[in-house]
Amino acid sequence: MARDTTDQTPLSSVQELTDYLAAGNKPEDKFRIGTEHEKFAFFRADNSPVPYSGENSISALLKGLGQTDGWEPILDGENIIGLAEQSGMGAISIEPGGQFELSGAPLENIHQTCKESNAHLATLRQIAEPMGIRFLGIGGSPKWTLAETPVMPKSRYGIMSRYMPKVGTQGLDMMYRTCTIQVNLDFSSEADMRKKMRVSMKLQSLATALFASSPFTEGKLNGLQSWRGDIWRDTDNNRSGLLDFTFRDDFGFHDYVEWALDVPMYFIVRDGRYKDCTHITFRQFMNGALKGEIAAWEPTMGDWTNHLSTLFPDVRLKRFLEMRGADGGPWRRICALPAFWVGLLYEASALEAADQLTKDWSFDEVNALRNAVPAEGLKSAFRGHALFDTAREVLAISKAGLKARGKLNGDGQDETIFLSPLDEVMAKKATLAEDLLALYNGRWNGSVEPVFEEYQY
């Protein structure tokens, strides 16, 4: 969820940008887990998309949730575009095509994450059911064309929609027709960030394969397991994909800043109004490119934090790390995705094992895997064997990490229980996308309509 900020602290040096990221360092006992998930809103009567305005609409859902939970509205002009928990810890937002997103609070364990998402979905059902609205949990819009997909009245999305066709072929599909599950995780130092980012960047394509759930487009098979994964291959390659410098042993916060400085901006916010800045990079902005063009041309910390939120690498660095590779999916996967990454990155021996496993993986190898996974999934060839074999090794590391963390629920179960959807993938040797394909070719009789009933929240 990108909530645009207006921090007016002036910027005068690149070092301040690096210091901003480094301020994310925190002691391990303060590490938290922030899980985000998106879902498609649809009308139960005919599986059509839900518009922004009207009695039964996205805006009505937001207002109803706000009244129920007491969360504060987030406005863009006069339009409600999200909700913020009063503590500032969690938020609800809408993606460009009306995808409904929970950005969860920073929590201590996956048991709490699962409880949070369950409570959110239960409350959302109470508001949505009288409107005839339900929600679909997969990675790509299975039925609606771009023309049929509603457009949310959010200023940054207007700028993005005009810009995307200039820099890639699939940016509008990314914005309007995909859903994801993501987890945000902390680091304790630059060295810790480096190790976690290097490992997770290399393994992000494996997450794409494990969570693949978008084999349909406009009511037909698209020939892919993760349409969403394929979309990211040509959305805006200046700001997305793998970052080659993260494969080095010596990269740090400054390297990410130097990369981000040369990515074209989307906008700045002045007096509540959005100014299109897609014609300049942040470095040019820092060097006075808007002087004479607008009155308040000087860059601020708010501009920098907003710019960071418009960068889309497979792993995004802010004052935490965002794992961005997975398709959206059914409820159990909302818990499985953070469990997978927490097991790998939040326990020292597991992180070291994952680092050793991937240490000699080259950028070219990983990039080739990233290109193969959308179509081939776990059958993708990697180092002379199927990715499935690597998945088995990585899942074993994740499970060991979760077990070593020893975070128990009231029944004495540790967090490994949340990996069960991935255990099922390994046992069946089939991803969710392959399950959906089997249903489409079997009892669904070549129709995508049943997915709305069988994979709704």
# chains A, B, ... in the order shown; residues from 1 in each chain; ligands from 1
>>> select_by_dssp(residues="stretch 277-424 of chain A", states="alpha helix (DSSP H)", output="ChimeraX atom specification")
/A:282-286,301-308,331-345,348-358,363-376,387-405,420-424
>>> closest_residue(among="A:Phe245, A:Trp297, A:Phe135, A:Trp232", to="A:Val269", atoms="only C-alpha atoms")
A:Trp297
>>> residues_around(residues="stretch 393-404 of chain A", least_positions_apart="2", cutoff="7 Å", atoms="only C-alpha atoms", output="list in words")
Phe340, Gly343, Leu344, Glu347, Ala350, Ala353, Ala354, Asp389, Thr390, Ala391, Gly406, Asp414, Glu415 and Thr416 of chain A
>>> write_last_selection(atoms="C-alpha atoms", output="CSV table (one decimal), in the first residue's frame")
chain,number,residue,atom,x,y,z
A,340,PHE,CA,8.1,-18.9,4.1
A,343,GLY,CA,11.6,-19.0,8.2
A,344,LEU,CA,14.4,-18.1,5.8
A,347,GLU,CA,16.6,-17.0,12.1
A,350,ALA,CA,18.4,-20.6,8.4
A,353,ALA,CA,22.0,-21.9,5.1
A,354,ALA,CA,20.0,-20.0,2.5
A,389,ASP,CA,14.3,-29.9,-6.3
A,390,THR,CA,15.6,-26.5,-5.2
A,391,ALA,CA,12.2,-25.8,-3.7
A,406,GLY,CA,9.9,-21.4,18.7
A,414,ASP,CA,4.9,-23.6,16.1
A,415,GLU,CA,4.8,-21.5,12.9
A,416,THR,CA,5.7,-24.4,10.7
>>> residues_around(residues="A:Ile127", least_positions_apart="5", cutoff="9 Å", atoms="only C-alpha atoms", output="PyMOL selection string")
chain A and resi 60-61+64-65+68+133
>>> atom_distance(atom1="atom CA of A:Glu108", atom2="atom CA of A:Arg32")
5.1 Å
